[in-house]
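What follows is the content of entry.tsv, which has TSV, C-alpha atoms and all ligand atoms:
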chain	number	residue	atom	x	y	z
A	1	MET	CA	-13.73	0.39	3.86
A	2	LEU	CA	-11.91	3.08	1.86
A	3	GLN	CA	-14.20	5.18	-0.32
A	4	ILE	CA	-12.77	7.84	-2.57
A	5	GLU	CA	-15.33	10.11	-4.24
A	6	GLY	CA	-14.77	12.89	-6.71
A	7	LEU	CA	-11.13	13.20	-5.71
A	8	THR	CA	-9.45	16.05	-7.55
A	9	MET	CA	-5.93	17.30	-6.98
A	10	ARG	CA	-4.49	20.33	-8.69
A	11	TYR	CA	-1.00	21.24	-7.50
A	12	PRO	CA	-0.18	24.92	-6.97
A	13	THR	CA	1.87	24.70	-10.19
A	14	GLY	CA	-1.41	24.17	-12.07
A	15	ASP	CA	-0.85	20.43	-12.77
A	16	LEU	CA	-4.12	18.52	-12.59
A	17	ALA	CA	-2.86	15.26	-11.08
A	18	LEU	CA	-6.25	13.68	-10.26
A	19	ASP	CA	-9.51	14.50	-12.03
A	20	ASN	CA	-12.70	13.50	-10.23
A	21	VAL	CA	-11.56	9.99	-9.21
A	22	ASP	CA	-14.01	7.51	-7.63
A	23	LEU	CA	-12.51	4.38	-6.10
A	24	THR	CA	-13.70	2.02	-3.39
A	25	VAL	CA	-11.42	-0.52	-1.74
A	26	GLU	CA	-13.34	-3.18	0.16
A	27	ARG	CA	-12.11	-4.62	3.43
A	28	GLY	CA	-9.35	-7.13	2.72
A	29	GLN	CA	-9.14	-6.19	-0.97
A	30	VAL	CA	-5.77	-5.65	-2.60
A	31	ILE	CA	-5.63	-3.49	-5.72
A	32	ALA	CA	-2.75	-2.67	-8.01
A	33	LEU	CA	-2.76	0.86	-9.36
A	34	ILE	CA	-0.99	1.01	-12.70
A	35	GLY	CA	-0.46	3.77	-15.22
A	36	PRO	CA	2.24	5.76	-16.96
A	37	SER	CA	4.62	8.08	-15.18
A	38	GLY	CA	2.77	11.22	-14.12
A	39	ALA	CA	-0.67	9.53	-14.20
A	40	GLY	CA	-1.28	10.47	-10.55
A	41	LYS	CA	-0.63	7.18	-8.71
A	42	SER	CA	1.59	8.65	-5.99
A	43	THR	CA	-0.66	11.68	-5.69
A	44	LEU	CA	-3.64	9.42	-4.99
A	45	ILE	CA	-1.79	7.69	-2.15
A	46	ARG	CA	-0.54	11.03	-0.80
A	47	CYS	CA	-4.11	12.37	-0.78
A	48	VAL	CA	-5.35	9.37	1.21
A	49	ASN	CA	-2.94	10.03	4.07
A	50	ARG	CA	-3.10	13.77	3.43
A	51	LEU	CA	0.55	14.31	2.72
A	52	VAL	CA	-1.00	16.63	0.15
A	53	GLU	CA	-4.33	18.43	0.58
A	54	PRO	CA	-6.84	17.44	-2.13
A	55	THR	CA	-8.45	20.24	-4.09
A	56	ALA	CA	-11.88	18.57	-3.95
A	57	GLY	CA	-13.56	15.30	-3.06
A	58	ALA	CA	-14.08	12.99	-0.13
A	59	ILE	CA	-11.94	10.13	1.18
A	60	ARG	CA	-13.72	8.02	3.78
A	61	LEU	CA	-11.98	5.40	5.89
A	62	ASN	CA	-14.57	3.23	7.64
A	63	GLY	CA	-17.12	5.96	7.02
A	64	THR	CA	-15.10	8.89	8.39
A	65	ASP	CA	-13.98	11.60	5.98
A	66	ILE	CA	-10.22	12.10	6.07
A	67	VAL	CA	-10.22	15.27	3.95
A	68	SER	CA	-12.20	17.38	6.42
A	69	MET	CA	-10.50	15.97	9.54
A	70	GLY	CA	-8.69	18.16	12.10
A	71	ARG	CA	-5.04	17.49	13.02
A	72	ALA	CA	-5.70	15.39	16.14
A	73	ASN	CA	-8.12	13.11	14.33
A	74	LEU	CA	-5.79	12.88	11.37
A	75	ARG	CA	-2.95	11.73	13.63
A	76	ARG	CA	-5.13	8.93	14.94
A	77	THR	CA	-6.38	8.01	11.49
A	78	ARG	CA	-2.86	7.80	10.08
A	79	ARG	CA	-2.23	4.86	12.40
A	80	ARG	CA	-4.80	2.99	10.36
A	81	LEU	CA	-2.87	3.70	7.14
A	82	GLY	CA	0.33	1.68	6.76
A	83	MET	CA	2.76	3.23	4.29
A	84	ILE	CA	5.38	1.30	2.33
A	85	PHE	CA	7.68	3.22	-0.03
A	86	GLN	CA	10.07	2.43	-2.84
A	87	GLU	CA	12.89	4.17	-1.03
A	88	TYR	CA	12.10	2.34	2.26
A	89	ALA	CA	12.48	5.50	4.43
A	90	LEU	CA	14.33	3.67	7.21
A	91	VAL	CA	16.37	5.37	9.93
A	92	GLU	CA	19.81	4.33	8.71
A	93	ARG	CA	21.72	4.32	12.00
A	94	LEU	CA	19.05	2.39	13.89
A	95	SER	CA	18.77	-1.38	14.10
A	96	VAL	CA	16.23	-3.47	12.23
A	97	MET	CA	14.30	-3.97	15.50
A	98	GLU	CA	14.23	-0.26	16.30
A	99	ASN	CA	13.05	0.59	12.80
A	100	VAL	CA	10.22	-1.89	13.11
A	101	LEU	CA	9.28	-0.64	16.58
A	102	SER	CA	9.11	2.90	15.24
A	103	GLY	CA	5.88	1.75	13.57
A	104	ARG	CA	4.36	2.11	17.06
A	105	LEU	CA	5.24	5.83	17.21
A	106	GLY	CA	1.62	6.82	16.70
A	107	TYR	CA	0.65	4.82	19.78
A	108	VAL	CA	3.31	4.98	22.49
A	109	GLY	CA	3.79	8.75	22.69
A	110	PHE	CA	6.81	10.85	21.81
A	111	TRP	CA	8.98	10.56	24.94
A	112	ARG	CA	8.52	6.88	25.37
A	113	SER	CA	9.50	6.21	21.79
A	114	PHE	CA	12.31	8.78	21.92
A	115	LEU	CA	13.76	6.95	24.91
A	116	ARG	CA	12.96	3.69	23.14
A	117	HIS	CA	10.89	2.32	26.00
A	118	TYR	CA	8.48	0.14	24.15
A	119	PRO	CA	6.05	-2.17	25.95
A	120	GLN	CA	7.04	-5.84	25.96
A	121	SER	CA	3.94	-6.65	23.90
A	122	ASP	CA	5.24	-4.38	21.11
A	123	ILE	CA	8.65	-6.04	21.22
A	124	ASP	CA	7.05	-9.49	21.03
A	125	GLU	CA	4.94	-8.39	18.06
A	126	ALA	CA	8.02	-6.93	16.33
A	127	PHE	CA	9.81	-10.29	16.75
A	128	ARG	CA	6.80	-12.11	15.32
A	129	LEU	CA	6.67	-9.79	12.32
A	130	LEU	CA	10.41	-10.01	11.70
A	131	GLU	CA	10.12	-13.76	11.73
A	132	ARG	CA	7.24	-13.56	9.25
A	133	VAL	CA	9.19	-11.35	6.86
A	134	GLY	CA	12.25	-13.58	7.20
A	135	LEU	CA	14.53	-11.24	9.13
A	136	ASP	CA	14.46	-12.72	12.62
A	137	HIS	CA	18.19	-13.45	12.36
A	138	MET	CA	18.96	-9.78	11.70
A	139	VAL	CA	17.18	-7.90	14.48
A	140	ASP	CA	20.35	-6.11	15.65
A	141	LYS	CA	21.73	-5.27	12.25
A	142	ARG	CA	21.82	-1.57	11.34
A	143	ALA	CA	19.49	-0.51	8.55
A	144	ASP	CA	22.37	0.91	6.49
A	145	ALA	CA	23.94	-2.57	6.33
A	146	LEU	CA	20.94	-4.20	4.60
A	147	SER	CA	20.27	-5.07	0.96
A	148	GLY	CA	17.35	-3.47	-0.87
A	149	GLY	CA	15.14	-6.53	-0.46
A	150	GLN	CA	15.93	-6.74	3.25
A	151	ARG	CA	15.22	-3.04	3.67
A	152	GLN	CA	11.83	-3.46	2.03
A	153	ARG	CA	11.07	-6.35	4.42
A	154	VAL	CA	11.83	-4.01	7.33
A	155	GLY	CA	9.54	-1.40	5.76
A	156	ILE	CA	6.76	-3.96	5.51
A	157	ALA	CA	7.18	-5.12	9.12
A	158	ARG	CA	7.23	-1.50	10.30
A	159	ALA	CA	3.99	-0.70	8.44
A	160	LEU	CA	2.32	-3.76	9.97
A	161	MET	CA	3.50	-2.76	13.45
A	162	GLN	CA	0.93	0.04	13.24
A	163	SER	CA	-1.91	-2.50	13.02
A	164	PRO	CA	-3.23	-0.67	9.96
A	165	ASP	CA	-6.56	-1.29	8.21
A	166	ILE	CA	-5.09	-0.63	4.82
A	167	LEU	CA	-1.62	-0.54	3.29
A	168	LEU	CA	-0.67	2.27	0.92
A	169	VAL	CA	2.26	1.01	-1.09
A	170	ASP	CA	4.16	3.18	-3.58
A	171	GLU	CA	6.39	1.30	-6.03
A	172	PRO	CA	7.57	-1.34	-3.56
A	173	THR	CA	9.71	-3.19	-6.10
A	174	ALA	CA	11.03	-0.41	-8.32
A	175	SER	CA	14.60	-0.71	-6.97
A	176	LEU	CA	14.70	-4.50	-6.75
A	177	ASP	CA	15.80	-7.34	-9.03
A	178	PRO	CA	13.05	-9.50	-10.62
A	179	LYS	CA	13.28	-12.37	-8.16
A	180	THR	CA	13.33	-10.13	-5.09
A	181	SER	CA	10.43	-8.16	-6.58
A	182	ARG	CA	8.33	-11.31	-6.79
A	183	GLN	CA	9.25	-12.25	-3.23
A	184	ILE	CA	8.25	-8.81	-1.97
A	185	MET	CA	4.93	-8.84	-3.86
A	186	ARG	CA	4.23	-12.34	-2.55
A	187	LEU	CA	5.01	-11.18	0.97
A	188	ILE	CA	2.82	-8.06	0.82
A	189	THR	CA	-0.18	-9.80	-0.77
A	190	GLY	CA	0.24	-12.84	1.53
A	191	LEU	CA	0.26	-10.65	4.64
A	192	CYS	CA	-2.83	-8.81	3.41
A	193	ARG	CA	-4.64	-12.14	3.06
A	194	GLU	CA	-3.53	-13.41	6.47
A	195	ARG	CA	-4.60	-10.22	8.20
A	196	GLY	CA	-7.66	-9.29	6.14
A	197	LEU	CA	-5.90	-6.07	5.16
A	198	GLY	CA	-6.78	-3.93	2.17
A	199	ALA	CA	-4.04	-2.40	0.05
A	200	ILE	CA	-3.41	-0.01	-2.80
A	201	ILE	CA	-0.16	-0.95	-4.49
A	202	ASN	CA	1.27	1.47	-7.06
A	203	ILE	CA	3.35	-0.53	-9.47
A	204	HIS	CA	4.94	-0.15	-12.91
A	205	ASP	CA	5.52	-3.86	-13.49
A	206	VAL	CA	2.23	-4.92	-15.11
A	207	PRO	CA	2.98	-8.68	-15.32
A	208	LEU	CA	3.95	-8.68	-11.65
A	209	ALA	CA	0.72	-6.88	-10.72
A	210	MET	CA	-1.31	-9.32	-12.82
A	211	GLN	CA	0.33	-12.25	-11.15
A	212	PHE	CA	-0.33	-11.32	-7.56
A	213	VAL	CA	-3.39	-9.06	-7.48
A	214	GLU	CA	-7.02	-9.75	-8.39
A	215	ARG	CA	-8.08	-6.20	-9.14
A	216	ILE	CA	-6.19	-3.80	-11.34
A	217	VAL	CA	-6.99	-0.11	-11.60
A	218	GLY	CA	-5.49	1.76	-14.54
A	219	LEU	CA	-4.94	5.48	-14.21
A	220	ARG	CA	-4.20	7.78	-17.11
A	221	ALA	CA	-3.76	11.55	-16.81
A	222	GLY	CA	-5.55	11.60	-13.47
A	223	GLU	CA	-8.55	9.50	-14.56
A	224	ILE	CA	-9.44	5.85	-14.04
A	225	VAL	CA	-9.59	4.17	-17.45
A	226	TYR	CA	-9.63	0.54	-16.30
A	227	ASP	CA	-10.96	-1.19	-13.19
A	228	GLY	CA	-11.22	-4.96	-13.32
A	229	PRO	CA	-9.47	-8.31	-13.11
A	230	PRO	CA	-6.05	-9.00	-14.63
A	231	SER	CA	-7.73	-11.24	-17.21
A	232	GLY	CA	-9.52	-8.21	-18.69
A	233	LEU	CA	-6.29	-6.35	-19.43
A	234	ASP	CA	-6.09	-6.98	-23.16
A	235	ASP	CA	-4.03	-5.00	-25.65
A	236	GLN	CA	-6.80	-2.44	-26.12
A	237	ARG	CA	-7.01	-1.83	-22.36
A	238	LEU	CA	-3.25	-1.50	-22.07
A	239	THR	CA	-3.35	1.03	-24.90
A	240	ASP	CA	-6.13	2.92	-23.09
A	241	ILE	CA	-3.88	3.15	-20.05
A	242	TYR	CA	-0.42	3.62	-21.51
A	243	GLY	CA	-0.98	4.69	-25.11
A	244	GLU	CA	-0.18	2.90	-28.35
A	245	GLU	CA	2.46	0.14	-28.13
A	246	ASP	CA	3.16	-3.43	-29.23
A	247	TRP	CA	1.97	-5.33	-26.15
A	248	SER	CA	2.98	-8.85	-27.19
A	249	GLY	CA	4.86	-10.47	-24.35
A	250	THR	CA	3.48	-8.16	-21.67
A	251	ARG	CA	1.34	-10.92	-20.26
A	252	ALA	CA	4.10	-13.50	-20.70
A	253	ARG	CA	3.54	-14.78	-17.19
A	254	ASP	CA	-0.15	-15.45	-17.87
A	255	GLY	CA	0.35	-19.20	-17.92
A	256	ASP	CA	2.78	-19.19	-15.04
A	257	GLU	CA	1.68	-22.08	-12.87
A	258	GLU	CA	2.82	-20.45	-9.70
A	259	GLY	CA	0.87	-17.32	-10.62
A	260	ASP	CA	-2.35	-19.19	-11.44
A	261	ASP	CA	-2.01	-21.14	-8.27
A	262	ALA	CA	-1.34	-18.02	-6.25
A	263	GLN	CA	-4.42	-16.36	-7.73
A	264	ALA	CA	-6.76	-19.25	-6.90
A	265	GLN	CA	-5.33	-19.43	-3.41
A	266	ALA	CA	-5.58	-15.64	-3.08
A	267	GLN	CA	-9.26	-15.70	-3.98
A	268	ALA	CA	-10.10	-18.42	-1.46
A	269	GLN	CA	-8.11	-16.79	1.30
A	270	THR	CA	-9.50	-13.33	0.62
A	271	ASP	CA	-13.04	-14.69	0.86
A	272	ALA	CA	-12.23	-16.44	4.12
A	273	ALA	CA	-10.45	-13.37	5.51
A	274	ARG	CA	-13.39	-11.13	4.63
A	275	LYS	CA	-15.75	-13.32	6.62
A	276	VAL	CA	-13.47	-13.42	9.66
A	277	VAL	CA	-12.75	-9.72	9.62
A	278	SER	CA	-16.32	-8.59	9.20
A	279	ALA	CA	-17.37	-10.85	12.08
A	280	VAL	CA	-14.61	-9.95	14.50
A	281	ASP	CA	-13.28	-6.52	13.71
A	282	LEU	CA	-16.27	-4.25	13.41
A	283	PRO	CA	-16.94	-3.53	17.11
A	284	GLU	CA	-13.22	-2.92	17.62
A	285	MET	CA	-13.07	-0.56	14.65
A	286	LYS	CA	-16.01	1.42	15.99
A	287	LYS	CA	-14.19	1.85	19.30
A	288	VAL	CA	-11.09	3.14	17.51
A	289	ALA	CA	-13.18	5.47	15.38
A	290	ALA	CA	-14.96	6.83	18.47
A	291	SER	CA	-11.79	7.28	20.58
A	301	LIG	N1	4.78	18.33	-5.66
A	301	LIG	C1	4.27	18.52	-6.89
A	301	LIG	N2	4.10	19.75	-7.38
A	301	LIG	C2	3.58	19.96	-8.60
A	301	LIG	N3	3.18	18.98	-9.43
A	301	LIG	C3	3.33	17.73	-9.01
A	301	LIG	C4	3.89	17.41	-7.72
A	301	LIG	N4	3.91	16.06	-7.58
A	301	LIG	C5	3.40	15.56	-8.72
A	301	LIG	N5	3.04	16.55	-9.57
A	301	LIG	C6	2.44	16.38	-10.90
A	301	LIG	O1	1.24	15.63	-10.76
A	301	LIG	C7	1.12	14.68	-11.78
A	301	LIG	C8	1.03	13.28	-11.17
A	301	LIG	O2	2.25	12.95	-10.53
A	301	LIG	P1	2.44	11.62	-9.67
A	301	LIG	O3	3.77	11.73	-9.02
A	301	LIG	O4	1.26	11.44	-8.82
A	301	LIG	O5	2.45	10.53	-10.83
A	301	LIG	P2	2.80	8.98	-10.75
A	301	LIG	O6	1.72	8.27	-11.46
A	301	LIG	O7	3.08	8.58	-9.34
A	301	LIG	O8	4.12	8.90	-11.63
A	301	LIG	P3	5.39	7.89	-11.47
A	301	LIG	O9	4.95	6.60	-12.07
A	301	LIG	O10	6.45	8.54	-12.28
A	301	LIG	O11	5.74	7.77	-10.03
A	301	LIG	C9	2.31	14.90	-12.70
A	301	LIG	O12	1.90	15.73	-13.73
A	301	LIG	C10	3.31	15.57	-11.82
A	301	LIG	O13	4.16	16.41	-12.57
A	302	MG	MG	4.74	7.81	-8.36

Show this structure as structure tokens.
Amino acid sequence: MLQIEGLTMRYPTGDLALDNVDLTVERGQVIALIGPSGAGKSTLIRCVNRLVEPTAGAIRLNGTDIVSMGRANLRRTRRRLGMIFQEYALVERLSVMENVLSGRLGYVGFWRSFLRHYPQSDIDEAFRLLERVGLDHMVDKRADALSGGQRQRVGIARALMQSPDILLVDEPTASLDPKTSRQIMRLITGLCRERGLGAIINIHDVPLAMQFVERIVGLRAGEIVYDGPPSGLDDQRLTDIYGEEDWSGTRARDGDEEGDDAQAQAQAQTDAARKVVSAVDLPEMKKVAAS
């Protein structure tokens, strides 16, 4: 679904942030992108939605190259890319509901959204999503009155309001306490399974990534040095990614029952979701791509 080939990004400052990266994310597949600070994780996500212009390479979403796309096409394609950020990026003075509805901006047109005239179907969907993320009792609350965990839930609902094909998630838990972080990871990966959505999740918390995601990609100095299941991340692999360190305890949650259970369930649900999505969604996707 998302194919990245030979992606290279050199910033005008001369920093080589990505060096000839190849990465394919299958439909419905969730990957955690790990790696030390400065490895290029955020740059990779920014290249995919073209917040930065890659120096070289191709990024294909459902077969269409994003890198060579004109502005109008790019606007349409960005609807398919749901972004979730560490810093939430909410409009502080707007309500939870209005922030979620703003996820439809790419669809309803500027004036309609400016005047906040959203179709009833969008409002119904926003209610459904807010219920799913556990905020249905807070629809009228202003964004600036929410906790970090609640803000991230709004960010997730807003991204899903776009009906994306893939979620691009940059450090979703970096500002959250350990319990809230687990809840947010469970929510994101659960929603991906339910909706057959792919995701790239940049994350520093390796045990958390290992607990909730089946495929881990390790980036170091702009290159992929690991791509495989959590179970393959031994001390040597962690050293490849992060450099020399005493890794004992890093996989402390390996035997976590909840985690094992979640992984087995994740696998079964991902398989089921893949079947459903490939049967149902393809004609629809072609229409969107052609429009
Ligand atoms: N706007 C920019 N201009 C110049 N160089 C940049 C810019 N943004 C990032 N870089 C450089 O590109 C490299 C990759 O940065 P990036 O932010 O993608 O890393 P990261 O893996 O997301 O790190 P972190 O874990 O700290 O978020 C670094 O060397 C960084 O200094
Ligand atoms: Mg980053």

Distance filter 10 Å around ligand LIG 301 (chain A), atoms: only C-alpha atoms and all ligand atoms, out as a ChimeraX atom specification: /A:9-18,33-47,52,86,170-171,174,202-204,219-222

Best match for closeness to ligand MG 302 (chain A) among A:Gln3, A:Pro164, A:Ile201, A:Gln211, counting all atoms listed in the file: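 Of all the options, A:Ile201 lies closest to ligand MG 302 (chain A).
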
Closest of A:Ile59, A:Ala159, A:Leu197, A:Ile241 to Val217 in chain A - atom-to-atom distances counting only C-alpha atoms: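 Of the candidates, the smallest distance to Val217 in chain A is held by A:Ile241.
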
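Across A:Pro172, A:Val48, A:Phe127, A:Arg237, the tightest approach to ligand MG 302 (chain A) is made by A:Pro172 when counting all atoms listed in the file.
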
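Each of A:Ser68, A:Asn73, A:Asn49, A:Thr55 was checked against Gly6 in chain A using only C-alpha atoms; the smallest atom-to-atom distance is that of A:Thr55.
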
Top pick for closest residue to Glu125 in chain A, considering A:Ser175, A:Gln162, A:Ser248, A:Thr8 and counting all atoms listed in the file: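 Using all atoms listed in the file, Glu125 in chain A sits closest to A:Gln162.
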